[in-house]
Amino acid sequence: DSNELALQLGTRIGSLLTDGDGDGVMIEQIGEKKPFSVDFLRTTSFSLLQGCRMRSTKTEFVSCPSCGRTLFDLQETTAKIQEATGHLPGVTVAVMGCIVNGPGEMADADFGYVGTLPGKIDLYYGKEVVRKGIVEDEAVDELIDLIKEYDMWKDKEEETESEEAEEAVAAA
């Protein structure tokens, strides 16, 4: 089970890495049965390293737990933002449901997306509000523009390394 593997890796290896008792991870499947793809193992390993603050391979996302003050669908919005910006290693994006605790909870983020009024979003660069009162339907595009404005944007790569490797094997 992939969820069980991720949980076990996080609890057994993540704690050691966080304590400084290691520099990397190598996951090897033993036996004839190989239930996990190489891509899944690679992605899980890099996610573990990123979670331990040892390596940055994708965008880091910070989100509030949501409460009665949340001014938009936090899960749906976070998923949209992840889809649009998830390919930016070294960038941290905070998605906060309201202005009450959001700015404090996102203090370490490069960019912030904060609900301020029903249907309205403020965007932050660091701890500073840089765009106010953006219509929610336009806010993800505005966030992308803001990331570009601060030269932290790069276009998505069309092919991943694993797709290139599969094509090379197929051609051989």
# chains A, B, ... in the order shown; residues from 1 in each chain; ligands from 1

$ closest_atom_pairs --of "segment 72-109 of chain A" --to "segment 53-68 of chain A" --cutoff "9 Å" --atoms "only C-alpha atoms" --output "CSV"
residue,atom,partner,partner_atom,distance
A:Leu74,CA,A:Ser66,CA,7.0
A:Thr78,CA,A:Ser63,CA,7.9
A:Gln82,CA,A:Phe61,CA,7.8
A:Thr85,CA,A:Thr59,CA,6.9
A:Gly86,CA,A:Thr59,CA,5.0
A:His87,CA,A:Lys58,CA,5.5
A:Leu88,CA,A:Thr59,CA,4.9
A:Pro89,CA,A:Lys58,CA,3.9
A:Gly90,CA,A:Ser56,CA,5.6
A:Val91,CA,A:Thr59,CA,5.2
A:Thr92,CA,A:Glu60,CA,4.5
A:Val93,CA,A:Phe61,CA,5.0
A:Ala94,CA,A:Val62,CA,4.5
A:Val95,CA,A:Ser63,CA,4.8
A:Met96,CA,A:Cys64,CA,5.4
A:Gly97,CA,A:Ser66,CA,6.3
A:Cys98,CA,A:Ser66,CA,8.7
A:Asn101,CA,A:Cys64,CA,8.5
A:Gly102,CA,A:Cys64,CA,7.1
A:Glu105,CA,A:Cys64,CA,7.3
A:Met106,CA,A:Val62,CA,6.9
A:Ala109,CA,A:Val62,CA,7.6

$ residues_around --residues "Trp153 of chain A" --least-positions-apart "4" --cutoff "8 Å" --atoms "only C-alpha atoms" --output "CSV table (one decimal) with N, CA, C and O atoms, in the first residue's frame"
chain,number,residue,atom,x,y,z
A,88,LEU,N,7.7,24.6,-9.1
A,88,LEU,CA,8.6,25.6,-8.8
A,88,LEU,C,9.5,25.3,-7.6
A,88,LEU,O,9.2,25.8,-6.5
A,144,ILE,N,0.2,33.8,-10.2
A,144,ILE,CA,1.2,33.5,-11.2
A,144,ILE,C,1.9,34.7,-11.8
A,144,ILE,O,3.1,34.7,-11.9
A,147,ILE,N,4.4,35.9,-9.2
A,147,ILE,CA,5.6,35.0,-9.1
A,147,ILE,C,6.5,35.4,-10.3
A,147,ILE,O,7.7,35.5,-10.1
A,148,LYS,N,5.9,35.6,-11.4
A,148,LYS,CA,6.7,36.0,-12.6
A,148,LYS,C,7.4,37.4,-12.4
A,148,LYS,O,8.5,37.6,-12.7

$ select_by_dssp --residues "chain A" --states "helix (DSSP H, G or I)" --output "JSON, numbers by chain"
{"A": [2, 3, 4, 5, 6, 7, 8, 9, 10, 11, 12, 13, 14, 15, 16, 17, 18, 38, 39, 40, 41, 42, 43, 44, 45, 46, 47, 48, 49, 50, 51, 74, 75, 76, 77, 78, 79, 80, 81, 82, 83, 84, 85, 102, 103, 104, 105, 136, 137, 138, 139, 140, 141, 142, 143, 144, 145, 146, 147, 148, 149, 161, 162, 163, 164, 165, 166, 167, 168, 169, 170, 171]}

$ atom_distance --atom1 "atom CA of Leu146 of chain A" --atom2 "atom CA of Pro118 of chain A"
21.7 Å

$ atom_distance --atom1 "atom CA of Glu4 of chain A" --atom2 "atom CA of Lys80 of chain A"
26.3 Å

$ residues_around --residues "Ile13 of chain A" --least-positions-apart "6" --cutoff "9 Å" --atoms "only C-alpha atoms" --output "list in words"
Gly22, Val25 and Leu48 of chain A

$ select_by_dssp --residues "segment 29-165 of chain A" --states "strand (DSSP E)" --output "NGL selection string"
:A and (60-63 or 92-96 or 111-117 or 120-125 or 128-135)

$ closest_residue --among "A:Leu17, A:Leu5, A:Ile81, A:Val114" --to "Thr44 of chain A" --atoms "only C-alpha atoms"
A:Leu5

$ closest_residue --among "A:Glu157, A:Leu123, A:Asp19, A:Arg69" --to "Asp145 of chain A" --atoms "only C-alpha atoms"
A:Leu123

$ closest_residue --among "A:Phe111, A:Val135, A:Asp122, A:Glu32" --to "Tyr150 of chain A" --atoms "only C-alpha atoms"
A:Phe111

$ atom_distance --atom1 "atom CA of Glu142 of chain A" --atom2 "atom CA of Gln50 of chain A"
26.6 Å

$ closest_atom_pairs --of "segment 55-119 of chain A" --to "segment 126-133 of chain A" --cutoff "8 Å" --atoms "only C-alpha atoms" --output "CSV"
residue,atom,partner,partner_atom,distance
A:Pro103,CA,A:Lys127,CA,6.9
A:Met106,CA,A:Lys127,CA,7.9
A:Ala107,CA,A:Lys127,CA,6.1
A:Asp108,CA,A:Gly126,CA,7.2
A:Ala109,CA,A:Gly126,CA,6.0
A:Asp110,CA,A:Gly126,CA,4.9
A:Phe111,CA,A:Gly126,CA,5.8
A:Gly112,CA,A:Gly126,CA,7.2
A:Thr116,CA,A:Gly133,CA,7.5
A:Leu117,CA,A:Gly133,CA,7.9

$ residues_around --residues "segment 6-10 of chain A" --least-positions-apart "6" --cutoff "12 Å" --atoms "only C-alpha atoms" --output "list in words"
Leu16, Leu17, Thr18, Val25, Met26, Ile27, Phe36, Phe40, Leu41, Arg42, Thr43, Thr44, Ser45, Phe46, Ser47, Leu48, Leu49, Gln50, Gly51 and Cys52 of chain A
